[in-house]
$ cat work.txt   # compact mmCIF, C-alpha atoms
# COMPACT_ATOMS: atom_id res chain seq x y z
CA MET A 31 102.65 -114.19 73.43
CA LYS A 32 101.30 -117.26 71.68
CA SER A 33 98.66 -117.70 68.98
CA THR A 34 96.73 -120.91 69.55
CA PHE A 35 93.22 -122.37 69.75
CA PHE A 36 90.84 -122.36 72.71
CA LYS A 37 90.89 -126.11 73.37
CA THR A 38 94.68 -126.25 73.01
CA LEU A 39 95.01 -123.31 75.38
CA LEU A 40 92.98 -125.09 78.04
CA ASN A 41 94.86 -128.37 77.59
CA GLU A 42 98.29 -126.75 77.82
CA ASN A 43 97.62 -124.63 80.91
CA LYS A 44 96.47 -125.34 84.45
CA PHE A 45 93.83 -122.66 84.67
CA LYS A 46 91.26 -122.87 87.43
CA THR A 47 89.22 -119.76 86.62
CA LEU A 48 88.11 -118.37 83.25
CA LEU A 49 86.84 -114.82 82.85
CA PHE A 50 84.95 -114.08 79.63
CA ASP A 51 83.94 -110.78 78.10
CA ALA A 52 80.48 -111.00 76.49
CA SER A 53 80.00 -108.90 73.33
CA GLY A 54 82.72 -109.77 70.83
CA VAL A 55 83.64 -113.01 72.61
CA LEU A 56 80.45 -114.96 73.29
CA TYR A 57 78.29 -113.14 70.76
CA ASN A 58 78.08 -110.07 68.57
CA ASP A 59 75.27 -108.43 66.59
CA ASP A 60 75.24 -111.42 64.22
CA GLY A 61 74.29 -113.67 67.15
CA PRO A 62 76.14 -116.24 69.27
CA VAL A 63 79.62 -117.22 68.10
CA PRO A 64 79.31 -120.50 66.17
CA GLY A 65 80.12 -123.40 68.48
CA ILE A 66 80.08 -121.23 71.61
CA GLN A 67 77.51 -123.37 73.45
CA GLU A 68 79.74 -126.45 73.56
CA ALA A 69 82.81 -124.48 74.59
CA PHE A 70 80.98 -122.44 77.22
CA GLN A 71 79.29 -125.49 78.75
CA TYR A 72 82.65 -127.26 78.93
CA ALA A 73 84.14 -124.23 80.64
CA VAL A 74 81.31 -123.94 83.18
CA SER A 75 81.53 -127.67 83.95
CA ASN A 76 85.30 -127.72 84.48
CA TYR A 77 86.32 -124.26 85.70
CA GLU A 78 85.17 -121.37 87.80
CA VAL A 79 83.59 -119.10 85.16
CA PHE A 80 82.60 -115.43 85.30
CA ILE A 81 81.38 -112.92 82.72
CA LEU A 82 83.26 -109.61 82.82
CA THR A 83 81.36 -107.13 80.71
CA ASN A 84 81.04 -103.39 80.12
CA ASN A 85 77.37 -103.95 79.33
CA SER A 86 75.58 -101.45 81.55
CA TYR A 87 72.73 -101.17 79.02
CA ILE A 88 70.80 -103.77 81.03
CA ASP A 89 71.04 -105.13 84.56
CA THR A 90 72.71 -108.47 85.21
CA VAL A 91 69.40 -110.35 85.45
CA TYR A 92 68.64 -109.29 81.87
CA ILE A 93 72.16 -110.18 80.73
CA GLN A 94 71.59 -113.63 82.24
CA GLU A 95 68.34 -113.94 80.29
CA LYS A 96 70.03 -112.81 77.07
CA LEU A 97 72.74 -115.42 77.48
CA ALA A 98 70.25 -118.15 78.38
CA ALA A 99 68.30 -117.41 75.19
CA SER A 100 71.46 -118.47 73.33
CA ASP A 101 71.79 -121.59 75.54
CA LEU A 102 74.61 -120.03 77.57
CA HIS A 103 73.76 -120.62 81.21
CA ILE A 104 75.43 -118.95 84.18
CA GLN A 105 74.32 -117.58 87.55
CA LYS A 106 73.56 -113.86 87.45
CA GLU A 107 75.85 -113.38 90.47
CA ARG A 108 78.74 -114.42 88.22
CA ILE A 109 78.01 -111.67 85.70
CA LEU A 110 80.25 -108.81 86.79
CA SER A 111 79.06 -105.83 84.78
CA SER A 112 80.75 -102.46 84.91
CA GLY A 113 77.38 -101.15 86.11
CA LEU A 114 78.10 -102.80 89.47
CA GLY A 115 80.89 -100.30 90.02
CA LEU A 116 78.30 -97.59 90.69
CA ALA A 117 77.61 -99.32 94.00
CA LEU A 118 80.99 -100.92 94.69
CA ASP A 119 83.66 -98.43 93.71
CA PRO A 120 84.86 -96.27 96.65
CA GLN A 121 85.40 -93.20 94.45
CA ILE A 122 82.33 -93.49 92.23
CA ASN A 123 79.69 -94.48 94.78
CA PRO A 124 79.92 -91.34 97.00
CA MET A 125 79.08 -89.27 93.91
CA ILE A 126 75.75 -91.14 93.66
CA LYS A 127 74.74 -92.10 97.18
CA ASN A 128 71.78 -90.05 98.45
CA LYS A 129 71.84 -87.94 95.27
CA SER A 130 69.16 -87.17 92.70
CA VAL A 131 70.28 -88.92 89.51
CA TYR A 132 69.38 -88.46 85.87
CA ILE A 133 70.15 -91.56 83.81
CA PHE A 134 71.03 -91.26 80.14
CA GLY A 135 70.28 -94.85 79.16
CA ASN A 136 67.89 -97.76 79.04
CA GLN A 137 65.39 -98.12 81.87
CA ARG A 138 66.59 -101.68 82.40
CA SER A 139 69.90 -100.21 83.57
CA PHE A 140 68.21 -98.37 86.45
CA PRO A 141 68.84 -101.18 89.03
CA TYR A 142 72.57 -100.42 88.91
CA VAL A 143 71.84 -96.89 90.09
CA GLU A 144 69.25 -97.97 92.65
CA ARG A 145 71.75 -100.40 94.21
CA ALA A 146 74.21 -97.53 94.44
CA GLY A 147 71.88 -95.89 96.99
CA CYS A 148 70.73 -92.84 95.07
CA HIS A 149 68.10 -90.62 96.65
CA GLU A 150 65.93 -90.77 93.54
CA ILE A 151 66.04 -91.20 89.78
CA VAL A 152 64.70 -88.03 88.21
CA GLU A 153 63.04 -87.60 84.84
CA THR A 154 64.66 -84.31 83.85
CA MET A 155 68.28 -83.15 83.82
CA ALA A 156 67.30 -79.92 85.57
CA LYS A 157 66.50 -81.87 88.75
CA ALA A 158 69.72 -83.88 88.74
CA GLU A 159 72.67 -83.62 91.12
CA VAL A 160 74.59 -86.17 89.03
CA ILE A 161 74.17 -87.61 85.54
CA ILE A 162 74.99 -91.23 84.74
CA MET A 163 75.46 -92.50 81.19
CA THR A 164 74.67 -96.21 81.02
CA SER A 165 73.91 -96.70 77.32
CA THR A 166 72.86 -95.21 74.04
CA LEU A 167 69.13 -94.76 73.47
CA LYS A 168 67.04 -96.87 71.11
CA HIS A 169 64.94 -93.92 70.02
CA ASN A 170 65.80 -90.26 69.38
CA HIS A 171 69.35 -90.79 70.59
CA GLU A 172 71.19 -88.06 68.67
CA HIS A 173 68.64 -85.38 69.62
CA ALA A 174 68.71 -86.47 73.28
CA PHE A 175 72.51 -86.41 73.28
CA LYS A 176 72.56 -82.87 71.87
CA GLU A 177 70.25 -81.80 74.71
CA LEU A 178 72.52 -83.52 77.23
CA THR A 179 75.60 -81.82 75.78
CA SER A 180 73.98 -78.39 75.84
CA PHE A 181 72.79 -78.88 79.42
CA LEU A 182 76.21 -79.98 80.67
CA LEU A 183 78.01 -77.11 78.95
CA ASP A 184 75.62 -74.75 80.75
CA ASN A 185 75.97 -76.65 84.06
CA PRO A 186 79.63 -77.68 84.27
CA THR A 187 79.57 -78.46 88.01
CA ILE A 188 77.19 -81.42 87.66
CA PRO A 189 79.22 -84.66 87.80
CA VAL A 190 78.95 -87.03 84.84
CA ILE A 191 79.66 -90.75 85.21
CA CYS A 192 79.94 -93.17 82.29
CA CYS A 193 79.92 -96.81 83.36
CA ASN A 194 80.58 -98.25 79.89
CA PRO A 195 83.85 -96.95 78.41
CA ASP A 196 83.39 -98.95 75.17
CA ILE A 197 83.64 -96.73 72.10
CA TYR A 198 82.56 -99.30 69.50
CA VAL A 199 81.31 -102.90 69.29
CA LEU A 200 81.38 -105.18 66.27
CA SER A 201 78.03 -105.02 64.51
CA THR A 202 76.54 -106.78 61.49
CA ASN A 203 78.45 -107.12 58.21
CA ASP A 204 81.74 -106.52 60.02
CA THR A 205 80.92 -102.89 60.75
CA PHE A 206 81.57 -101.12 64.02
CA LYS A 207 78.73 -99.52 65.97
CA LYS A 208 79.12 -96.54 68.28
CA VAL A 209 78.14 -97.18 71.88
CA VAL A 210 77.82 -94.96 74.92
CA GLY A 211 81.54 -94.51 75.57
CA TYR A 212 81.82 -92.84 72.17
CA TYR A 213 79.36 -90.17 73.24
CA ALA A 214 80.91 -89.76 76.69
CA LYS A 215 84.23 -89.16 74.95
CA GLU A 216 82.55 -86.49 72.78
CA LEU A 217 81.54 -84.74 76.00
CA LEU A 218 85.11 -85.01 77.25
CA ASP A 219 86.40 -83.51 74.01
CA LYS A 220 84.05 -80.54 74.53
CA GLY A 221 85.52 -79.88 77.97
CA VAL A 222 82.98 -81.75 80.13
CA THR A 223 84.57 -83.73 82.97
CA VAL A 224 83.60 -87.41 82.71
CA HIS A 225 84.23 -89.98 85.44
CA TRP A 226 84.72 -93.44 83.95
CA PHE A 227 84.11 -96.89 85.35
CA GLY A 228 84.74 -100.09 83.44
CA LYS A 229 87.35 -101.87 81.35
CA PRO A 230 90.14 -100.92 80.66
CA TYR A 231 90.20 -98.54 83.65
CA GLN A 232 91.99 -99.70 86.76
CA ASN A 233 88.90 -99.18 88.92
CA TYR A 234 87.20 -102.10 87.16
CA SER A 235 90.28 -104.32 87.55
CA MET A 236 90.37 -103.49 91.26
CA MET A 237 86.70 -104.42 91.61
CA ILE A 238 87.47 -107.85 90.17
CA LYS A 239 90.55 -108.19 92.35
CA SER A 240 88.36 -107.56 95.39
CA LEU A 241 85.27 -109.55 94.41
CA LEU A 242 86.79 -112.86 93.36
CA PRO A 243 88.67 -113.63 96.62
CA LYS A 244 86.11 -112.00 98.91
CA THR A 245 82.94 -113.53 97.48
CA TRP A 246 84.14 -116.78 95.87
CA GLN A 247 87.51 -117.42 97.59
CA ILE A 248 89.25 -117.41 94.21
CA PRO A 249 92.92 -116.40 94.31
CA ILE A 250 94.10 -113.70 91.93
CA ASP A 251 97.08 -115.28 90.20
CA GLU A 252 98.13 -116.93 86.95
CA SER A 253 95.58 -119.72 87.41
CA VAL A 254 93.06 -117.13 86.18
CA CYS A 255 92.74 -116.27 82.47
CA PHE A 256 90.72 -113.39 81.03
CA PHE A 257 89.34 -113.43 77.45
CA ASP A 258 88.35 -110.23 75.65
CA ASP A 259 88.17 -108.98 72.05
CA ASN A 260 89.63 -105.61 73.07
CA ILE A 261 93.41 -105.94 73.38
CA ASP A 262 93.60 -102.94 75.73
CA ASN A 263 91.14 -104.59 78.13
CA VAL A 264 93.22 -107.78 78.14
CA ILE A 265 96.45 -105.88 78.80
CA ALA A 266 94.88 -103.77 81.56
CA MET A 267 93.56 -106.77 83.51
CA LYS A 268 96.84 -108.63 83.11
CA LYS A 269 98.93 -105.62 84.14
CA ASP A 270 96.67 -104.38 86.95
CA ILE A 271 96.04 -107.61 88.84
CA GLY A 272 98.57 -110.19 87.60
CA ILE A 273 96.41 -112.73 85.79
CA LYS A 274 96.81 -114.30 82.34
CA GLY A 275 95.17 -112.60 79.36
CA CYS A 276 93.93 -113.83 76.00
CA CYS A 277 92.75 -111.70 73.06
CA VAL A 278 89.98 -113.19 70.90
CA MET A 279 90.72 -112.13 67.33
CA ASN A 280 87.87 -112.83 64.93
CA THR A 281 84.53 -112.08 66.58
CA GLY A 282 84.87 -108.58 67.97
CA LEU A 283 86.95 -105.42 67.99
CA PHE A 284 90.22 -107.15 67.07
CA LYS A 285 88.80 -108.45 63.79
CA GLY A 286 90.90 -107.39 60.80
CA LYS A 287 93.84 -106.22 62.92
CA ASP A 288 97.40 -107.48 62.60
CA ILE A 289 98.94 -109.00 65.71
CA LYS A 290 102.49 -107.76 65.08
CA THR A 291 101.32 -104.22 64.39
CA GLU A 292 99.22 -104.14 67.55
CA LEU A 293 102.04 -105.51 69.69
CA ASN A 294 104.56 -103.01 68.32
CA THR A 295 102.46 -100.12 69.63
CA ARG A 296 102.24 -101.43 73.21
CA ASP A 297 104.70 -102.07 76.03
CA TYR A 298 102.54 -104.83 77.53
CA HIS A 299 101.10 -107.76 75.59
CA PRO A 300 98.45 -110.46 76.03
CA ASP A 301 99.75 -113.92 76.87
CA PHE A 302 97.70 -115.58 74.14
CA PHE A 303 95.65 -114.96 71.01
CA ILE A 304 92.88 -117.27 69.80
CA PRO A 305 90.69 -116.86 66.70
CA PHE A 306 87.36 -117.91 68.28
CA LEU A 307 86.06 -119.04 71.64
CA ASN A 308 84.94 -122.46 70.41
CA PHE A 309 86.25 -125.96 69.87
CA GLN A 310 85.78 -125.88 66.10
CA SER A 311 88.91 -123.93 65.28
$ encode --input "work.txt" --output "structure tokens"
Amino acid sequence: MKSTFFKTLLNENKFKTLLFDASGVLYNDDGPVPGIQEAFQYAVSNYEVFILTNNSYIDTVYIQEKLAASDLHIQKERILSSGLGLALDPQINPMIKNKSVYIFGNQRSFPYVERAGCHEIVETMAKAEVIIMTSTLKHNHEHAFKELTSFLLDNPTIPVICCNPDIYVLSTNDTFKKVVGYYAKELLDKGVTVHWFGKPYQNYSMMIKSLLPKTWQIPIDESVCFFDDNIDNVIAMKKDIGIKGCCVMNTGLFKGKDIKTELNTRDYHPDFFIPFLNFQS
């Protein structure tokens, strides 16, 4: 494990492919990370670059637009959201294919479910054969979640899939905001069975291990480095598929944590730590 800076890390290693998480690495609720545009453009110009995100709130075309609005430009095909696992994962997809699906989430997440081959997206839970949690709701969320919880406790045989395991993200004023994984975990704690897809679960790592060589002929080895603000995501990708991993410390979930304390609680460690994904520090 080595604490260093982004530019030094690139200069001292012979990476060919860089994998970036989005929220907490490229931006957070305060906006783009200062200096990210220069660093990201350098990365895109000199390496194979992909975005690996648990953002299933919106489809990849909308993630591309969000990034472009901050002058971060990348092909949407290189944005590998956990929402894609609904179509690609061999265990998750059969639970959705040809089924009537109720989506607890933003309407702009619906394309993930449509690509998974569902029979239809239904407007009420009562008509659903499976329920998919893609995001929290902008309006009336807590009331809607109580209704969902009550329905699932009364109908325990209906499968529930959460394709964003994130519990929190860094919000404004260095506070942490609950996201959909928090609520899926509440269901789990109440005895509801939840099927997860996304970082740090191995099914997401295996999706990346399959996609990169198959679609872009990129080998899965130590020439690949993954950057995430969640230390558990970094460790999972490193451990599961044998690539290098770097934890970004000051712009996301790791902010305020002590490296030594975090390492003492884990058997596996990231290869690197950097404060920011920019060239300014």
$ atom_distance --input "work.txt" --atom1 "atom CA of A:Gly211" --atom2 "atom CA of A:Tyr198"
7.8 Å
$ closest_residue --input "work.txt" --among "A:Glu216, A:Glu172, A:Asp270, A:Asp251" --to "A:Met236" --atoms "only C-alpha atoms"
A:Asp270
$ residues_around --input "work.txt" --residues "A:Leu182" --least-positions-apart "2" --cutoff "12 Å" --atoms "all atoms listed in the file" --output "JSON, numbers by chain"
{"A": [155, 156, 158, 159, 160, 161, 175, 176, 177, 178, 179, 180, 184, 185, 186, 187, 188, 189, 190, 214, 217, 218, 220, 221, 222, 223, 224]}
$ atom_distance --input "work.txt" --atom1 "atom CA of A:Val264" --atom2 "atom CA of A:Thr83"
12.2 Å
$ closest_atom_pairs --input "work.txt" --of "stretch 131-244 of chain A" --to "stretch 57-64 of chain A" --cutoff "12 Å" --atoms "all atoms listed in the file" --output "CSV"
residue,atom,partner,partner_atom,distance
A:Tyr198,CA,A:Asn58,CA,11.7
A:Val199,CA,A:Asn58,CA,7.9
A:Leu200,CA,A:Asn58,CA,6.3
A:Ser201,CA,A:Asp59,CA,4.9
A:Thr202,CA,A:Asp59,CA,5.5
A:Asn203,CA,A:Asp60,CA,8.1
A:Asp204,CA,A:Asp60,CA,9.2
A:Thr205,CA,A:Asp59,CA,9.8
A:Phe206,CA,A:Asp59,CA,10.0
A:Lys207,CA,A:Asp59,CA,9.6
$ write_last_selection --input "work.txt" --atoms "C-alpha atoms" --output "CSV table (one decimal), in the frame of the given file"
chain,number,residue,atom,x,y,z
A,198,TYR,CA,82.6,-99.3,69.5
A,199,VAL,CA,81.3,-102.9,69.3
A,200,LEU,CA,81.4,-105.2,66.3
A,201,SER,CA,78.0,-105.0,64.5
A,202,THR,CA,76.5,-106.8,61.5
A,203,ASN,CA,78.4,-107.1,58.2
A,204,ASP,CA,81.7,-106.5,60.0
A,205,THR,CA,80.9,-102.9,60.8
A,206,PHE,CA,81.6,-101.1,64.0
A,207,LYS,CA,78.7,-99.5,66.0
$ atom_distance --input "work.txt" --atom1 "atom CA of A:Glu68" --atom2 "atom CA of A:Ile248"
24.5 Å
$ closest_residue --input "work.txt" --among "A:Val131, A:Ile66, A:Ile162, A:Ile81" --to "A:Cys148" --atoms "all atoms listed in the file"
A:Val131
$ residues_around --input "work.txt" --residues "A:Ile261" --least-positions-apart "4" --cutoff "12 Å" --atoms "all atoms listed in the file" --output "PyMOL selection string"
chain A and resi 51+54+229-230+256-257+265-268+275-279+282-285+287-289+292-293+295-296+298-304
